[in-house]
Each structure stands twice: as C-alpha cells, then as structure tokens.
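With CSV, C-alpha atoms and all ligand atoms inside, this is input.csv:
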```
chain,number,residue,atom,x,y,z
A,45,MET,CA,27.6,-3.4,-17.0
A,46,LYS,CA,24.9,-1.3,-15.4
A,47,ARG,CA,23.6,-2.6,-12.1
A,48,ARG,CA,20.2,-3.1,-13.7
A,49,ASP,CA,21.7,-5.5,-16.3
A,50,PHE,CA,23.8,-7.1,-13.6
A,51,LEU,CA,20.6,-7.8,-11.6
A,52,LYS,CA,18.7,-9.0,-14.6
A,53,THR,CA,21.4,-11.5,-15.4
A,54,SER,CA,21.4,-12.5,-11.7
A,55,LEU,CA,17.7,-13.5,-11.6
A,56,THR,CA,18.7,-17.1,-11.5
A,57,ALA,CA,21.4,-16.5,-8.8
A,58,SER,CA,20.6,-18.4,-5.7
A,59,LEU,CA,18.7,-16.3,-3.1
A,60,GLY,CA,20.7,-15.0,-0.2
A,61,VAL,CA,23.7,-14.1,-2.4
A,62,SER,CA,25.0,-10.6,-1.8
A,63,LEU,CA,25.1,-8.5,-5.0
A,64,GLY,CA,27.3,-5.6,-4.1
A,65,SER,CA,25.0,-3.0,-2.6
A,66,ALA,CA,22.0,-4.9,-3.8
A,67,SER,CA,21.3,-7.2,-0.9
A,68,LEU,CA,18.7,-9.8,-1.7
A,69,LEU,CA,17.4,-11.5,1.4
A,70,LYS,CA,17.5,-10.6,5.1
A,71,ALA,CA,17.4,-12.9,8.0
A,72,ALA,CA,15.3,-16.2,8.0
A,73,THR,CA,11.6,-15.7,7.6
A,74,PRO,CA,9.9,-15.7,11.0
A,75,SER,CA,7.2,-18.3,11.6
A,76,ALA,CA,4.0,-17.6,13.5
A,77,GLU,CA,1.0,-19.4,14.6
A,78,TYR,CA,-2.7,-18.6,13.9
A,79,PRO,CA,-4.2,-16.2,14.5
A,80,LEU,CA,-1.8,-13.8,12.9
A,81,ALA,CA,-2.0,-10.4,11.3
A,82,ILE,CA,0.5,-8.4,9.2
A,83,ALA,CA,0.5,-4.8,8.1
A,84,SER,CA,2.7,-2.2,6.5
A,85,GLY,CA,5.1,0.0,8.5
A,86,ASN,CA,2.3,2.4,9.5
A,87,GLY,CA,0.2,-0.5,10.8
A,88,GLU,CA,1.2,-1.1,14.4
A,89,VAL,CA,-2.3,-0.2,15.6
A,90,ALA,CA,-3.9,-2.1,12.8
A,91,VAL,CA,-2.2,-5.5,13.6
A,92,LYS,CA,-2.8,-5.0,17.4
A,93,LYS,CA,-6.5,-4.3,16.8
A,94,ALA,CA,-6.9,-7.1,14.3
A,95,LEU,CA,-5.3,-9.6,16.6
A,96,GLU,CA,-7.4,-8.4,19.6
A,97,ILE,CA,-10.6,-9.0,17.5
A,98,LEU,CA,-9.4,-12.5,16.3
A,99,GLN,CA,-8.4,-13.5,19.8
A,100,SER,CA,-11.8,-12.6,21.1
A,101,GLY,CA,-13.5,-14.7,18.4
A,102,GLY,CA,-14.3,-11.9,15.9
A,103,LYS,CA,-14.4,-12.4,12.1
A,104,VAL,CA,-11.2,-12.2,10.2
A,105,MET,CA,-12.6,-9.6,7.7
A,106,ASP,CA,-13.9,-7.4,10.5
A,107,ALA,CA,-10.4,-7.7,12.1
A,108,VAL,CA,-8.5,-6.3,9.2
A,109,VAL,CA,-11.1,-3.6,8.3
A,110,GLU,CA,-11.4,-2.4,12.0
A,111,GLY,CA,-7.6,-2.5,12.2
A,112,VAL,CA,-7.0,-0.1,9.2
A,113,LYS,CA,-10.0,2.0,10.3
A,114,ILE,CA,-7.9,3.4,13.1
A,115,VAL,CA,-5.4,4.7,10.6
A,116,GLU,CA,-8.1,5.9,8.2
A,117,ASP,CA,-9.5,8.0,11.1
A,118,ASP,CA,-6.1,9.3,12.2
A,119,PRO,CA,-5.5,12.9,10.7
A,120,GLU,CA,-1.8,12.5,11.4
A,121,ASP,CA,-1.4,9.7,8.8
A,122,LEU,CA,-1.3,11.8,5.6
A,123,THR,CA,-1.6,8.9,3.3
A,124,VAL,CA,-4.9,7.2,4.3
A,125,GLY,CA,-8.5,8.2,4.9
A,126,TYR,CA,-9.3,11.4,6.8
A,127,GLY,CA,-6.3,13.8,6.5
A,128,GLY,CA,-4.9,11.9,3.5
A,129,LEU,CA,-3.2,14.2,0.9
A,130,PRO,CA,-5.5,15.5,-1.8
A,131,ASN,CA,-5.3,15.4,-5.6
A,132,GLU,CA,-4.0,18.4,-7.6
A,133,ASP,CA,-7.4,20.2,-7.2
A,134,GLY,CA,-7.2,19.9,-3.4
A,135,VAL,CA,-9.8,17.1,-3.2
A,136,VAL,CA,-9.2,13.9,-1.3
A,137,GLN,CA,-10.0,10.9,-3.4
A,138,LEU,CA,-9.7,7.5,-1.7
A,139,ASP,CA,-9.2,3.9,-2.9
A,140,ALA,CA,-9.6,0.7,-1.0
A,141,ALA,CA,-10.3,-3.0,-1.4
A,142,VAL,CA,-10.9,-6.1,0.6
A,143,MET,CA,-10.5,-9.8,-0.3
A,144,TYR,CA,-11.9,-12.8,1.6
A,145,GLY,CA,-10.1,-16.1,1.3
A,146,PRO,CA,-13.0,-18.6,2.0
A,147,THR,CA,-15.3,-17.2,-0.8
A,148,HIS,CA,-12.5,-15.7,-3.0
A,149,LYS,CA,-14.8,-12.7,-3.2
A,150,ALA,CA,-13.6,-9.1,-3.2
A,151,GLY,CA,-15.0,-5.6,-2.9
A,152,ALA,CA,-13.5,-2.3,-3.7
A,153,VAL,CA,-14.1,1.4,-4.1
A,154,ALA,CA,-12.0,3.8,-6.1
A,155,CYS,CA,-11.9,7.6,-6.3
A,156,ILE,CA,-14.5,7.9,-3.6
A,157,GLU,CA,-14.8,11.4,-2.1
A,158,GLY,CA,-16.0,12.6,1.3
A,159,ILE,CA,-16.1,9.2,3.0
A,160,ARG,CA,-13.3,8.6,5.5
A,161,ASN,CA,-13.5,4.8,5.8
A,162,PRO,CA,-13.4,3.4,2.2
A,163,ALA,CA,-12.2,0.0,3.5
A,164,LYS,CA,-15.6,-0.4,5.3
A,165,VAL,CA,-17.4,0.6,2.1
A,166,ALA,CA,-15.3,-1.9,0.1
A,167,GLN,CA,-16.4,-4.6,2.6
A,168,LEU,CA,-20.0,-3.6,2.0
A,169,VAL,CA,-19.5,-3.8,-1.8
A,170,MET,CA,-18.3,-7.4,-1.2
A,171,ASP,CA,-21.0,-8.4,1.2
A,172,ARG,CA,-24.0,-6.5,-0.2
A,173,THR,CA,-23.6,-6.4,-4.0
A,174,ASP,CA,-22.8,-8.8,-6.8
A,175,HIS,CA,-20.1,-6.4,-8.0
A,176,VAL,CA,-16.4,-6.0,-7.1
A,177,LEU,CA,-15.6,-2.4,-7.8
A,178,LEU,CA,-17.6,0.8,-7.5
A,179,VAL,CA,-16.0,4.2,-8.4
A,180,GLY,CA,-16.5,7.9,-7.9
A,181,LYS,CA,-20.0,9.2,-7.4
A,182,GLY,CA,-21.5,5.7,-7.6
A,183,ALA,CA,-19.3,4.6,-4.8
A,184,GLN,CA,-20.2,7.6,-2.7
A,185,GLU,CA,-23.9,7.1,-3.3
A,186,PHE,CA,-23.6,3.5,-2.3
A,187,ALA,CA,-21.9,4.5,0.9
A,188,LEU,CA,-24.6,7.1,1.6
A,189,ALA,CA,-27.2,4.4,1.1
A,190,HIS,CA,-25.5,2.4,3.8
A,191,GLY,CA,-25.7,5.3,6.3
A,192,PHE,CA,-22.2,6.8,5.8
A,193,LYS,CA,-22.0,10.6,6.1
A,194,THR,CA,-19.9,12.8,3.8
A,195,GLU,CA,-17.4,15.3,5.3
A,196,ASN,CA,-14.5,17.3,4.1
A,197,LEU,CA,-11.5,15.0,4.4
A,198,LEU,CA,-9.0,17.8,3.9
A,199,THR,CA,-7.5,18.9,7.3
A,200,GLU,CA,-5.9,22.3,7.9
A,201,LYS,CA,-2.6,20.5,7.7
A,202,THR,CA,-3.1,18.8,4.4
A,203,ARG,CA,-4.8,22.0,3.0
A,204,LYS,CA,-1.7,24.0,3.8
A,205,ILE,CA,0.7,21.4,2.4
A,206,TRP,CA,-1.4,21.3,-0.8
A,207,LEU,CA,-1.5,25.1,-1.1
A,208,LYS,CA,2.3,25.1,-0.7
A,209,TRP,CA,2.5,22.5,-3.5
A,210,LYS,CA,0.3,24.6,-5.7
A,211,GLU,CA,2.2,27.8,-5.0
A,212,LYS,CA,5.5,26.2,-5.8
A,213,LEU,CA,4.3,24.4,-8.9
A,214,ASN,CA,5.0,26.9,-11.6
A,215,PRO,CA,7.1,30.1,-11.0
A,216,ARG,CA,5.4,31.7,-14.0
A,217,ASP,CA,1.8,31.3,-12.9
A,218,ASN,CA,-0.2,33.7,-10.7
A,219,TRP,CA,0.2,31.8,-7.5
A,220,ARG,CA,2.9,33.6,-5.4
A,221,GLU,CA,5.3,31.5,-3.5
A,222,VAL,CA,5.6,32.7,0.1
A,223,ALA,CA,8.5,32.1,2.5
A,224,ASP,CA,9.3,28.5,3.5
A,225,ASP,CA,7.7,27.3,6.7
A,226,GLU,CA,6.8,24.0,8.4
A,227,TYR,CA,4.5,23.1,5.5
A,228,SER,CA,7.5,23.4,3.1
A,229,LEU,CA,9.2,20.7,5.1
A,230,LEU,CA,6.1,18.5,5.0
A,231,LEU,CA,5.8,19.1,1.3
A,232,ASP,CA,9.4,18.0,0.8
A,233,GLN,CA,8.6,14.8,2.7
A,234,TYR,CA,5.3,14.0,1.0
A,235,LYS,CA,5.4,15.5,-2.5
A,236,ASP,CA,6.1,12.1,-4.1
A,237,SER,CA,4.2,10.0,-1.6
A,238,TYR,CA,2.4,6.8,-2.5
A,239,GLY,CA,1.7,6.0,1.2
A,240,THR,CA,-1.0,3.5,2.0
A,241,ILE,CA,-1.9,0.9,4.6
A,242,HIS,CA,-2.2,-2.8,4.0
A,243,CYS,CA,-3.3,-5.4,6.6
A,244,SER,CA,-3.9,-9.2,6.1
A,245,ALA,CA,-4.9,-11.7,8.8
A,246,ILE,CA,-5.5,-15.4,9.2
A,247,ASP,CA,-7.8,-16.7,12.0
A,248,THR,CA,-7.6,-20.0,14.0
A,249,ASN,CA,-9.5,-21.8,11.3
A,250,GLY,CA,-7.0,-20.8,8.7
A,251,ASP,CA,-9.4,-18.4,7.0
A,252,ILE,CA,-7.8,-15.3,5.4
A,253,ALA,CA,-8.8,-11.7,4.8
A,254,SER,CA,-6.9,-8.7,3.3
A,255,VAL,CA,-7.4,-5.0,3.0
A,256,THR,CA,-5.5,-2.1,1.4
A,257,THR,CA,-6.7,1.5,1.8
A,258,THR,CA,-5.1,4.8,0.7
A,259,SER,CA,-5.4,8.4,-0.4
A,260,GLY,CA,-3.1,7.4,-3.3
A,261,ARG,CA,-0.4,9.4,-5.0
A,262,SER,CA,-0.1,12.8,-3.4
A,263,PHE,CA,-1.4,15.6,-5.7
A,264,LYS,CA,-2.4,13.1,-8.3
A,265,ILE,CA,-4.3,14.0,-11.5
A,266,PRO,CA,-8.0,13.9,-10.5
A,267,GLY,CA,-9.5,10.5,-11.3
A,268,ARG,CA,-6.2,8.7,-10.9
A,269,VAL,CA,-6.7,5.2,-9.4
A,270,GLY,CA,-3.7,3.3,-8.0
A,271,ASP,CA,-3.2,-0.4,-7.2
A,272,SER,CA,-4.9,-0.4,-3.8
A,273,PRO,CA,-8.5,-1.0,-5.1
A,274,ILE,CA,-7.4,-3.4,-7.8
A,275,ILE,CA,-7.5,-7.1,-6.9
A,276,GLY,CA,-4.2,-8.8,-7.6
A,277,ALA,CA,-2.3,-5.4,-7.8
A,278,GLY,CA,-2.5,-3.9,-4.3
A,279,LEU,CA,-3.7,-7.1,-2.4
A,280,TYR,CA,-4.6,-10.7,-3.0
A,281,ALA,CA,-5.8,-13.5,-0.7
A,282,ASP,CA,-6.2,-17.2,-1.5
A,283,ASN,CA,-7.4,-19.4,1.3
A,284,GLU,CA,-5.3,-22.3,0.0
A,285,VAL,CA,-2.1,-20.4,-0.2
A,286,GLY,CA,-1.8,-17.2,1.8
A,287,ALA,CA,-2.1,-13.4,1.3
A,288,ALA,CA,0.0,-10.5,0.0
A,289,GLY,CA,-0.4,-6.7,0.1
A,290,SER,CA,1.6,-3.7,-1.1
A,291,THR,CA,2.4,-0.1,-0.5
A,292,GLY,CA,4.4,2.2,-2.7
A,293,ARG,CA,4.2,3.1,-6.4
A,294,GLY,CA,0.8,1.7,-7.5
A,295,GLU,CA,1.5,2.0,-11.2
A,296,ALA,CA,4.3,-0.7,-10.8
A,297,ASN,CA,1.7,-3.1,-9.3
A,298,LEU,CA,-0.9,-2.3,-11.8
A,299,ASN,CA,1.5,-3.2,-14.6
A,300,ASN,CA,2.7,-6.4,-12.9
A,301,LEU,CA,-0.3,-7.6,-10.9
A,302,SER,CA,2.2,-7.9,-8.1
A,303,CYS,CA,0.2,-9.3,-5.2
A,304,PHE,CA,-1.4,-12.0,-7.4
A,305,LEU,CA,2.0,-12.9,-8.5
A,306,ILE,CA,3.4,-13.1,-5.0
A,307,VAL,CA,0.6,-15.5,-4.0
A,308,GLU,CA,1.3,-17.6,-7.1
A,309,PHE,CA,5.0,-17.8,-6.3
A,310,MET,CA,4.0,-19.0,-2.8
A,311,ARG,CA,1.7,-21.6,-4.4
A,312,MET,CA,4.8,-22.8,-6.3
A,313,GLY,CA,6.7,-23.3,-3.0
A,314,LYS,CA,8.5,-20.0,-2.5
A,315,SER,CA,8.6,-18.6,1.0
A,316,PRO,CA,6.7,-15.3,1.5
A,317,GLN,CA,10.0,-13.3,1.5
A,318,GLU,CA,11.3,-15.1,-1.6
A,319,ALA,CA,8.0,-14.5,-3.4
A,320,CYS,CA,8.0,-10.8,-2.5
A,321,MET,CA,11.6,-10.5,-3.7
A,322,GLU,CA,10.9,-12.3,-7.0
A,323,VAL,CA,8.2,-9.6,-7.6
A,324,CYS,CA,10.6,-6.8,-6.9
A,325,LYS,CA,12.9,-8.3,-9.5
A,326,ARG,CA,10.1,-8.8,-11.9
A,327,ILE,CA,9.3,-5.1,-11.6
A,328,LEU,CA,12.9,-4.2,-12.2
A,329,SER,CA,13.0,-6.4,-15.4
A,330,HIS,CA,9.7,-4.9,-16.7
A,331,THR,CA,10.6,-1.2,-16.0
A,332,ARG,CA,11.9,0.2,-19.2
A,333,LEU,CA,10.9,3.9,-19.3
A,334,PRO,CA,13.8,6.2,-18.6
A,335,HIS,CA,11.9,8.5,-16.2
A,336,LEU,CA,11.5,5.6,-13.9
A,337,LEU,CA,15.2,4.7,-13.8
A,338,LYS,CA,18.3,6.3,-12.4
A,339,ASP,CA,21.3,6.8,-14.6
A,340,ASN,CA,22.8,3.6,-13.4
A,341,GLY,CA,19.7,1.6,-14.3
A,342,ASP,CA,18.4,1.3,-10.7
A,343,LEU,CA,14.6,1.8,-10.2
A,344,ASP,CA,13.8,5.4,-9.2
A,345,PHE,CA,10.8,4.5,-7.1
A,346,ASN,CA,9.9,2.3,-4.2
A,347,VAL,CA,7.4,-0.5,-3.8
A,348,GLU,CA,7.0,-2.7,-0.6
A,349,PHE,CA,5.4,-6.1,-0.3
A,350,TYR,CA,4.1,-8.0,2.8
A,351,ALA,CA,2.9,-11.6,2.7
A,352,PHE,CA,2.2,-14.8,4.8
A,353,ASN,CA,1.5,-18.3,3.8
A,354,LYS,CA,-0.7,-21.0,5.2
A,355,LYS,CA,2.2,-22.4,7.3
A,356,GLY,CA,2.1,-19.1,9.2
A,357,GLU,CA,5.4,-18.0,7.7
A,358,VAL,CA,5.7,-14.2,7.2
A,359,GLY,CA,8.0,-12.2,4.9
A,360,GLY,CA,8.4,-8.9,3.0
A,361,ALA,CA,10.6,-7.3,0.5
A,362,ALA,CA,11.0,-3.8,-1.0
A,363,VAL,CA,12.8,-2.2,-3.9
A,364,TYR,CA,14.6,0.1,-1.4
A,365,GLU,CA,15.8,-0.9,2.0
A,366,SER,CA,13.1,-0.1,4.6
A,367,SER,CA,13.9,1.9,7.6
A,368,THR,CA,10.7,0.8,9.3
A,369,GLY,CA,10.1,-2.8,8.2
A,370,PHE,CA,6.6,-4.1,8.6
A,371,TRP,CA,4.4,-5.3,11.4
A,372,MET,CA,3.2,-8.7,12.5
A,373,ALA,CA,1.1,-9.7,15.5
A,374,ASP,CA,0.4,-13.2,16.9
A,375,ALA,CA,0.2,-14.9,20.3
A,376,LYS,CA,3.8,-13.6,21.0
A,377,GLY,CA,2.6,-10.0,20.6
A,378,ALA,CA,3.1,-7.3,18.0
A,379,ARG,CA,6.6,-6.8,16.5
A,380,LYS,CA,8.5,-5.4,13.6
A,381,VAL,CA,9.8,-7.6,10.8
A,382,GLU,CA,12.8,-6.7,8.6
A,383,MET,CA,12.3,-6.7,4.9
A,384,ALA,CA,14.5,-7.9,2.1
A,385,TYR,CA,15.4,-5.3,-0.5
A,386,LEU,CA,17.0,-4.8,-3.9
A,387,TYR,CA,18.9,-1.6,-3.1
A,388,LYS,CA,20.4,-0.1,0.0
A,389,ARG,CA,19.4,3.5,0.6
B,401,LIG,N1,0.0,2.2,-3.6
B,401,LIG,C1,-0.8,3.3,-3.5
B,401,LIG,C2,-1.0,4.0,-4.7
B,401,LIG,O1,-0.2,4.0,-5.6
B,401,LIG,O2,-2.1,4.6,-4.9
```

Will you turn the file into structure tokens for me?
Ligand code: GLY
Amino acid sequence: MKRRDFLKTSLTASLGVSLGSASLLKAATPSAEYPLAIASGNGEVAVKKALEILQSGGKVMDAVVEGVKIVEDDPEDLTVGYGGLPNEDGVVQLDAAVMYGPTHKAGAVACIEGIRNPAKVAQLVMDRTDHVLLVGKGAQEFALAHGFKTENLLTEKTRKIWLKWKEKLNPRDNWREVADDEYSLLLDQYKDSYGTIHCSAIDTNGDIASVTTTSGRSFKIPGRVGDSPIIGAGLYADNEVGAAGSTGRGEANLNNLSCFLIVEFMRMGKSPQEACMEVCKRILSHTRLPHLLKDNGDLDFNVEFYAFNKKGEVGGAAVYESSTGFWMADAKGARKVEMAYLYKR
C-alpha cells in the first residue's frame, strides 16, 4: 500500500500514533495567557513588536500589522514586501490580508505593485471601504489616495536572482547562461519559494486580529494570486474561537479554504495543533494531480499552519517537518514552538 493510501486509511487513527516516518503530533500544545502573538518561522521580530504594542495598550490590529511591517521593510526577507522575489517578468506583485475578530470584517489587496507595505493597505481597505478585496491597479491607486508612495520593490539582489532564473529557464532561447555564482545558490534556494509571513494576536480583552502578507510564489505568472489575500485560505479569525494562518503552497489553501477549516475544527473542540494537523490530512486526501505527488504518493509540496484558540492554547502543523518551527510571544517572552508534521524531511 502506498504511504498516501496508508495515511488516508489512518485518518480515523487516534492522534499521537506514530505512522512510520509520518509522525502526527509533537509535544503537548503549549498554553499561553493573553496578550499573545504567534507568527510563522520568519516572524520573530513580528511577535516581539506585536506583543510590545499590546503590552503598552495598543490595538490588536495595529500590533499585527506593525509586526509584519518590519519584515515587509526588510530587504533580506526575499518572500515579503520590499525585496520580495518578483514574477516571471521581474515585477514584484504583493498580496496581503487582515481580519479583525470583533467585527468579523476583513480587508485585502492582491497583485499590488510598487507599495512595500500591503498589509497596511489591507488594513485601510478594511477600515476605510465597504469592500474586502482590491486588486492590481485599483489597489495601488487606493494606496496612493491614502498617501503611500510607489517605489521599485526589486532590490539588486532579487534582480540578479531573477535574471539568473531567466537565463537558466530555456537553453534554446537567446538568454545566455553565465557561470554559476552566489546568485545561482540563492536561485536554488528560492526557485520554488512560497515564502510568506503570518501573524495573529489576541489582546487582554480577548479580541483577535490576523494578518498574512507575501510576495507569493517566486517567478509566478503575472497576475497569479495566492492564498494570502483570500479570507479563509491564508488566514482566518473568529473572536469566539481563535485564529489561524498559513505559509507555503497557496494553491493548496485556495482549494481547501484551510484556515477557515482550522478555525471550524477548533470550534468543534480540537486543539490548535490537532486542527492544523487535520487540515494537512485534508490536503493530502484532496490532492490527486500527479505533478503534486511523489512516486510513493506523498505530497510534493509544503504548507505550514499556525493557530491559537480562545483558551490561549497555541499549535501548528506542516506537511513536512519544520526545521524552524514557529514563533509565539506572551508575558513569558518570545519563543519557538515545534510543529506537528505529516512527513519527516
Ligand atoms: N502562501 C503564499 C502564496 O502561495 O502565495
């Protein structure tokens, strides 16, 4: 029996059981007290900033948006904001969304160009319009109306990685491939990247806010939109239940509305980690196309999930074992949390 079929028949197996190399759950879910912030593995600065804002009485939505802004502004994070990897034409197109628990309202922008802080624009879509999602030129014009400035988001580093990608793309075209250099190594590292940052927080009143922001799939087809700006796919927040966010292959979350599903599983009583793991298994059972599967039936892509519930329990799970885990911050400080996973690397 292929491992995929074995896992499918094991969906009813009790959690915590070891399935060969497919380890289901990690150590017990850590509990925290409000205020609390969680973020993806690249979000150490984000959870620290969010907690600092919450501890000084700031608003929970400002806390998460200011948290991820540090990463959007950082040219060394090649997956988010300024210095994010471009599309196949060498143009950086960004996606972001926010969701606010108390009003259950959301705001999002997709395929926005030239604006380094799309999460802040998404917050303005939520606060200053009756809409949820603005895209492309309209999203950019909305940002300009609110005083944002356009700039070229491609850095020298990402331009050179993109050029390397273009030169290596087709040996029969007219772009000549030059000798390997440091950008070839970076291209190897990032050519299939879906990197993103997610941050969710809960304040002392139990009010929740979430944000996800990304430059999306590296070298994507222009116009491609991932899960990050789609409510329920790349993030979801419900003030009665908790919050969930994701990084990784956005198409899997678009097909499964993964973050909405995590929150619904938590509503039914699953812990955050169990809920995240259930969604990894749902993705496995729904993935049928051969190019997304290895020969043994394992998924050939990664998706990571992060969640907390109203009890202040925190948990995460990924398709592939994470070397970094994810971040949480509460009164005990900022720390890494291990994630459950379907497959060891
Ligand atoms: N999860 C980010 C993306 O697929 O665009």

Show me, as a tab-separated table, the residues of chain A having an atom within 12 Å of ligand LIG 401 (chain B), each with the closest atom pair and its distance in Å, using all atoms listed in the file.
```
residue	atom	partner	partner_atom	distance
A:Ser84	CA	B:LIG401	N1	11.3
A:Thr123	CA	B:LIG401	C1	8.8
A:Val124	CA	B:LIG401	C1	9.6
A:Gly128	CA	B:LIG401	O2	11.5
A:Leu129	CA	B:LIG401	O2	11.3
A:Pro130	CA	B:LIG401	O2	11.8
A:Asn131	CA	B:LIG401	O2	11.3
A:Gln137	CA	B:LIG401	O2	10.2
A:Leu138	CA	B:LIG401	O2	8.7
A:Asp139	CA	B:LIG401	O2	7.4
A:Ala140	CA	B:LIG401	O2	9.3
A:Ala141	CA	B:LIG401	C1	11.6
A:Ala154	CA	B:LIG401	O2	10.0
A:Cys155	CA	B:LIG401	O2	10.3
A:Asp236	CA	B:LIG401	O1	10.4
A:Ser237	CA	B:LIG401	O1	8.4
A:Tyr238	CA	B:LIG401	C1	4.8
A:Gly239	CA	B:LIG401	C1	6.0
A:Thr240	CA	B:LIG401	C1	5.5
A:Ile241	CA	B:LIG401	N1	8.5
A:His242	CA	B:LIG401	N1	9.4
A:Thr256	CA	B:LIG401	N1	8.6
A:Thr257	CA	B:LIG401	C1	8.1
A:Thr258	CA	B:LIG401	C1	6.2
A:Ser259	CA	B:LIG401	O2	6.8
A:Gly260	CA	B:LIG401	O2	3.4
A:Arg261	CA	B:LIG401	O2	5.1
A:Ser262	CA	B:LIG401	O2	8.6
A:Phe263	CA	B:LIG401	O2	11.1
A:Lys264	CA	B:LIG401	O2	9.2
A:Ile265	CA	B:LIG401	O2	11.7
A:Gly267	CA	B:LIG401	O2	11.4
A:Arg268	CA	B:LIG401	O2	8.3
A:Val269	CA	B:LIG401	O2	6.5
A:Gly270	CA	B:LIG401	O2	3.7
A:Asp271	CA	B:LIG401	N1	5.5
A:Ser272	CA	B:LIG401	C1	5.5
A:Pro273	CA	B:LIG401	O2	8.5
A:Ile274	CA	B:LIG401	O2	10.0
A:Ala277	CA	B:LIG401	N1	9.0
A:Gly278	CA	B:LIG401	N1	6.6
A:Leu279	CA	B:LIG401	N1	10.1
A:Gly289	CA	B:LIG401	N1	9.6
A:Ser290	CA	B:LIG401	N1	6.6
A:Thr291	CA	B:LIG401	N1	4.5
A:Gly292	CA	B:LIG401	N1	4.5
A:Arg293	CA	B:LIG401	O1	4.6
A:Gly294	CA	B:LIG401	O1	3.1
A:Glu295	CA	B:LIG401	O1	6.2
A:Ala296	CA	B:LIG401	O1	8.3
A:Asn297	CA	B:LIG401	N1	8.0
A:Leu298	CA	B:LIG401	O1	8.9
A:Asn299	CA	B:LIG401	O1	11.7
A:Ser302	CA	B:LIG401	N1	11.3
A:Cys303	CA	B:LIG401	N1	11.6
A:Phe345	CA	B:LIG401	O1	11.1
A:Asn346	CA	B:LIG401	N1	9.9
A:Val347	CA	B:LIG401	N1	7.9
A:Glu348	CA	B:LIG401	N1	9.1
A:Phe349	CA	B:LIG401	N1	10.4
```

Legend entry - Counting all atoms listed in the file, the option among A:Ser367, A:Gly359, A:Gly158, A:Tyr144 closest to Val381 in chain A: A:Gly359

Legend entry - Separation of CA of His175 in chain A from CA of Gly102 in chain A, in Å and rounded to one decimal: 25.2 Å

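Non-sequential neighbours of Glu200 in chain A (distance at most 12 Å, separation of 2 or more positions within a chain, all atoms listed in the file) are A:Pro119, A:Glu120, A:Leu122, A:Tyr126, A:Gly127, A:Gly128, A:Leu129, A:Pro130, A:Gly134, A:Asn196, A:Leu197, A:Leu198, A:Thr202, A:Arg203, A:Lys204, A:Ile205, A:Trp206, A:Leu207, A:Tyr227.
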
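Proximity to Lys93 in chain A was assessed for A:Met383, A:Leu328, A:Ala76, A:Ile114 counting all atoms listed in the file; the smallest distance is recorded for A:Ile114.
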